[in-house]
Amino acid sequence: MSAGVTAAVCGRVSTRAFLQDKPVPLELIKDILEVASRAPSGGNTQPWHLYVLAGEAREALVQAIRPVQYEVTGRRRYRPHLGSAASRKRNVAFAMYDLLGVDRKDAAGRQRALVKNWEFFGAPVGIIVTVDRACDRNAWGHVGMLLQSICLLAEERGLASCLQEAWGNLGVVYKTLSIPDSEVVWCGLALGYADPAAPVNTLRTAREPVDAFAQFRGFHEGPSKL
C-alpha cells in the first residue's frame with residue numbers, strides 16, 4: 001500500500017476486463033469497506049447498503065438478469081439534454097468500442113459489449129449498492145463519497161474497479177437479492193484484478209481544465225505560495 005491519495009486518484013480507471021480466475025480475499029474486501037465507511041455523510045446518516053457477491057451468489061445474479069439484459073439495453077440511450085456531457089459520453093463510448101474491435105455501426109457488436117456490464121466485466125466480486133429510500137437527494141451524494149473511497153482504497157491495494165450504472169434500479173436485482181422496499185438500487189461495482197492483456201484497459205479519458213468547471217472569486221492575482 002504505497003500509493004498516496006494523489007497517486008490513487010490519478011491511477012484509478014474504470015476497468016472493463018478482469019482476471020476471472022484470481023479471487024479477491026474476503027479479508028481484503030472487508031478491510032477496504034471498513035476504511036471506506038469513514039466517508040462523510042450528512043448528520044452521520046451513512047445511508048448506504050452493499051451486497052457483496054462472489055462465487056455462486058455472484059453467478060446467481062448474473063444468470064438472473066440474463067433473460068432481460070437485452071430488453072434493458074434498448075431503454076438506455078444518450079439524452080440530448082445532457083449537452084456537452086453527452087458528447088463526452090459518446091466520445092468515451094467510441095474510444096472503448098475501438099479498443100474492443102467493434103465498429104461504431106455494428107449495433108449488435110455494441111450491444112454484446114454493453115451486456116458485459118451485467119457480468120461485472122468478469123470481475124470475481126460484484127457489489128450492488130443501494131441507498132436508503134427514506135433519505136433525501138443529499139444521501140445520493142453521500143453514497144457517492146463512499147464509492148469513491150472504495151475505488152481509491154482498491155487502487156491503493158492493487159485492485160481494479162468499475163462503477164456501473166447499468167445495475168441501477170432493476171426489478172430482477174431486488175428479487176434475486178431480496179432487497180427490501182426501504183432501499184433503492186443505485187449501481188453496481190465490479191472489483192478484482194485488472195487483466196493486463198486486455199486492450200480496453202488501456203482506455204484513459206480526458207478531463208476538462210479547471211477553469212472550465214471552477215470559478216474563482218475574491219482572490220488577488222499574484223505568485224502562488226504552496
# chains A, B, ... in the order shown; residues from 1 in each chain; ligands from 1

$ residues_around --residues "Arg133 in chain A" --least-positions-apart "4" --cutoff "10 Å" --atoms "only C-alpha atoms" --output "list of chain:residue names"
A:Pro47, A:Arg137, A:Ala139, A:Pro180, A:Asp181, A:Ser182, A:Glu183, A:Val184, A:Val185

$ write_last_selection --atoms "all heavy atoms" --output "PDB file, in the first residue's frame"
ATOM      1  N   PRO A  47     -26.168   6.436   4.691  1.00  0.00           N
ATOM      2  CA  PRO A  47     -27.368   5.895   4.043  1.00  0.00           C
ATOM      3  C   PRO A  47     -27.098   4.820   3.001  1.00  0.00           C
ATOM      4  O   PRO A  47     -27.846   4.680   2.040  1.00  0.00           O
ATOM      5  CB  PRO A  47     -27.964   7.146   3.396  1.00  0.00           C
ATOM      6  CG  PRO A  47     -26.755   7.943   2.990  1.00  0.00           C
ATOM      7  CD  PRO A  47     -25.746   7.721   4.097  1.00  0.00           C
ATOM      8  N   ARG A 137     -32.305  13.708  -1.426  1.00  0.00           N
ATOM      9  CA  ARG A 137     -31.350  13.596  -2.534  1.00  0.00           C
ATOM     10  C   ARG A 137     -29.903  13.754  -2.086  1.00  0.00           C
ATOM     11  O   ARG A 137     -28.987  13.288  -2.774  1.00  0.00           O
ATOM     12  CB  ARG A 137     -31.686  14.615  -3.612  1.00  0.00           C
ATOM     13  CG  ARG A 137     -31.465  16.068  -3.204  1.00  0.00           C
ATOM     14  CD  ARG A 137     -31.892  17.029  -4.298  1.00  0.00           C
ATOM     15  NE  ARG A 137     -33.313  16.909  -4.597  1.00  0.00           N
ATOM     16  CZ  ARG A 137     -33.921  17.600  -5.554  1.00  0.00           C
ATOM     17  NH1 ARG A 137     -33.226  18.441  -6.298  1.00  0.00           N
ATOM     18  NH2 ARG A 137     -35.210  17.470  -5.761  1.00  0.00           N
ATOM     19  N   ALA A 139     -28.480  12.219   0.169  1.00  0.00           N
ATOM     20  CA  ALA A 139     -27.948  10.899   0.503  1.00  0.00           C
ATOM     21  C   ALA A 139     -27.207  10.270  -0.671  1.00  0.00           C
ATOM     22  O   ALA A 139     -26.231   9.539  -0.484  1.00  0.00           O
ATOM     23  CB  ALA A 139     -29.088   9.985   0.957  1.00  0.00           C
ATOM     24  N   PRO A 180     -34.991  -5.067   0.403  1.00  0.00           N
ATOM     25  CA  PRO A 180     -36.267  -4.548   0.900  1.00  0.00           C
ATOM     26  C   PRO A 180     -36.699  -3.272   0.189  1.00  0.00           C
ATOM     27  O   PRO A 180     -35.878  -2.572  -0.413  1.00  0.00           O
ATOM     28  CB  PRO A 180     -35.977  -4.280   2.382  1.00  0.00           C
ATOM     29  CG  PRO A 180     -34.506  -4.047   2.444  1.00  0.00           C
ATOM     30  CD  PRO A 180     -33.907  -4.952   1.400  1.00  0.00           C
ATOM     31  N   ASP A 181     -37.993  -2.967   0.285  1.00  0.00           N
ATOM     32  CA  ASP A 181     -38.546  -1.768  -0.352  1.00  0.00           C
ATOM     33  C   ASP A 181     -37.988  -0.485   0.246  1.00  0.00           C
ATOM     34  O   ASP A 181     -38.125   0.586  -0.350  1.00  0.00           O
ATOM     35  CB  ASP A 181     -40.071  -1.759  -0.219  1.00  0.00           C
ATOM     36  CG  ASP A 181     -40.724  -2.841  -1.057  1.00  0.00           C
ATOM     37  OD1 ASP A 181     -40.069  -3.331  -2.005  1.00  0.00           O
ATOM     38  OD2 ASP A 181     -41.876  -3.207  -0.757  1.00  0.00           O
ATOM     39  N   SER A 182     -37.364  -0.581   1.396  1.00  0.00           N
ATOM     40  CA  SER A 182     -36.805   0.605   2.051  1.00  0.00           C
ATOM     41  C   SER A 182     -35.504   1.070   1.409  1.00  0.00           C
ATOM     42  O   SER A 182     -34.949   2.098   1.803  1.00  0.00           O
ATOM     43  CB  SER A 182     -36.566   0.320   3.537  1.00  0.00           C
ATOM     44  OG  SER A 182     -35.682  -0.782   3.702  1.00  0.00           O
ATOM     45  N   GLU A 183     -35.017   0.330   0.401  1.00  0.00           N
ATOM     46  CA  GLU A 183     -33.764   0.674  -0.265  1.00  0.00           C
ATOM     47  C   GLU A 183     -33.989   0.840  -1.769  1.00  0.00           C
ATOM     48  O   GLU A 183     -34.856   0.192  -2.345  1.00  0.00           O
ATOM     49  CB  GLU A 183     -32.710  -0.416  -0.028  1.00  0.00           C
ATOM     50  CG  GLU A 183     -32.383  -0.650   1.445  1.00  0.00           C
ATOM     51  CD  GLU A 183     -31.485  -1.857   1.646  1.00  0.00           C
ATOM     52  OE1 GLU A 183     -30.761  -2.236   0.695  1.00  0.00           O
ATOM     53  OE2 GLU A 183     -31.517  -2.438   2.748  1.00  0.00           O
ATOM     54  N   VAL A 184     -33.194   1.700  -2.386  1.00  0.00           N
ATOM     55  CA  VAL A 184     -33.207   1.904  -3.835  1.00  0.00           C
ATOM     56  C   VAL A 184     -31.865   1.451  -4.398  1.00  0.00           C
ATOM     57  O   VAL A 184     -30.807   1.886  -3.925  1.00  0.00           O
ATOM     58  CB  VAL A 184     -33.426   3.390  -4.200  1.00  0.00           C
ATOM     59  CG1 VAL A 184     -33.447   3.576  -5.709  1.00  0.00           C
ATOM     60  CG2 VAL A 184     -34.707   3.912  -3.582  1.00  0.00           C
ATOM     61  N   VAL A 185     -31.899   0.585  -5.390  1.00  0.00           N
ATOM     62  CA  VAL A 185     -30.656   0.148  -6.023  1.00  0.00           C
ATOM     63  C   VAL A 185     -30.119   1.276  -6.897  1.00  0.00           C
ATOM     64  O   VAL A 185     -30.802   1.751  -7.806  1.00  0.00           O
ATOM     65  CB  VAL A 185     -30.876  -1.115  -6.876  1.00  0.00           C
ATOM     66  CG1 VAL A 185     -29.585  -1.474  -7.620  1.00  0.00           C
ATOM     67  CG2 VAL A 185     -31.312  -2.276  -5.998  1.00  0.00           C
TER      68      VAL A 185
END

$ residues_around --residues "range 148-160 of chain A" --least-positions-apart "2" --cutoff "10 Å" --atoms "only C-alpha atoms" --output "PyMOL selection string"
chain A and resi 1-18+24+28-29+31-39+123+143-146+162-163+189-195

$ closest_residue --among "A:Ala113, A:Val210, A:Ile128, A:Val68" --to "Ile179 in chain A" --atoms "only C-alpha atoms"
A:Ile128

$ select_by_dssp --residues "range 32-150 of chain A" --states "alpha helix (DSSP H)" --output "PyMOL selection string"
chain A and resi 32-36+55-65+69-73+84-100+107-114+138-150

$ residues_around --residues "Ala54 in chain A" --least-positions-apart "3" --cutoff "12 Å" --atoms "only C-alpha atoms" --output "number ranges by chain"
A: 20-26, 29, 51, 57-62, 119-120, 122-128, 190-192

$ residues_around --residues "Met96 in chain A" --least-positions-apart "3" --cutoff "8 Å" --atoms "only C-alpha atoms" --output "count of residues only"
6

$ closest_residue --among "A:Asn138, A:Gln111, A:Asn201, A:Asn117" --to "Gly168 in chain A" --atoms "only C-alpha atoms"
A:Asn117

$ closest_residue --among "A:Asp98, A:Asp103, A:Asp132, A:Glu27" --to "Trp48 in chain A" --atoms "only C-alpha atoms"
A:Asp132

$ atom_distance --atom1 "CA of Ala64 in chain A" --atom2 "CA of Val115 in chain A"
13.2 Å

$ select_by_dssp --residues "range 34-185 of chain A" --states "strand (DSSP E or B)" --output "MDAnalysis selection string"
chainID A and resid 48:54 125:132 160:164 183:185

$ closest_residue --among "A:Ser161, A:Thr205, A:Ser84, A:Thr130" --to "Leu177 in chain A" --atoms "only C-alpha atoms"
A:Thr130

$ atom_distance --atom1 "CA of Leu50 in chain A" --atom2 "CA of Leu19 in chain A"
22.4 Å

$ atom_distance --atom1 "CA of Cys187 in chain A" --atom2 "CA of Asn169 in chain A"
7.6 Å
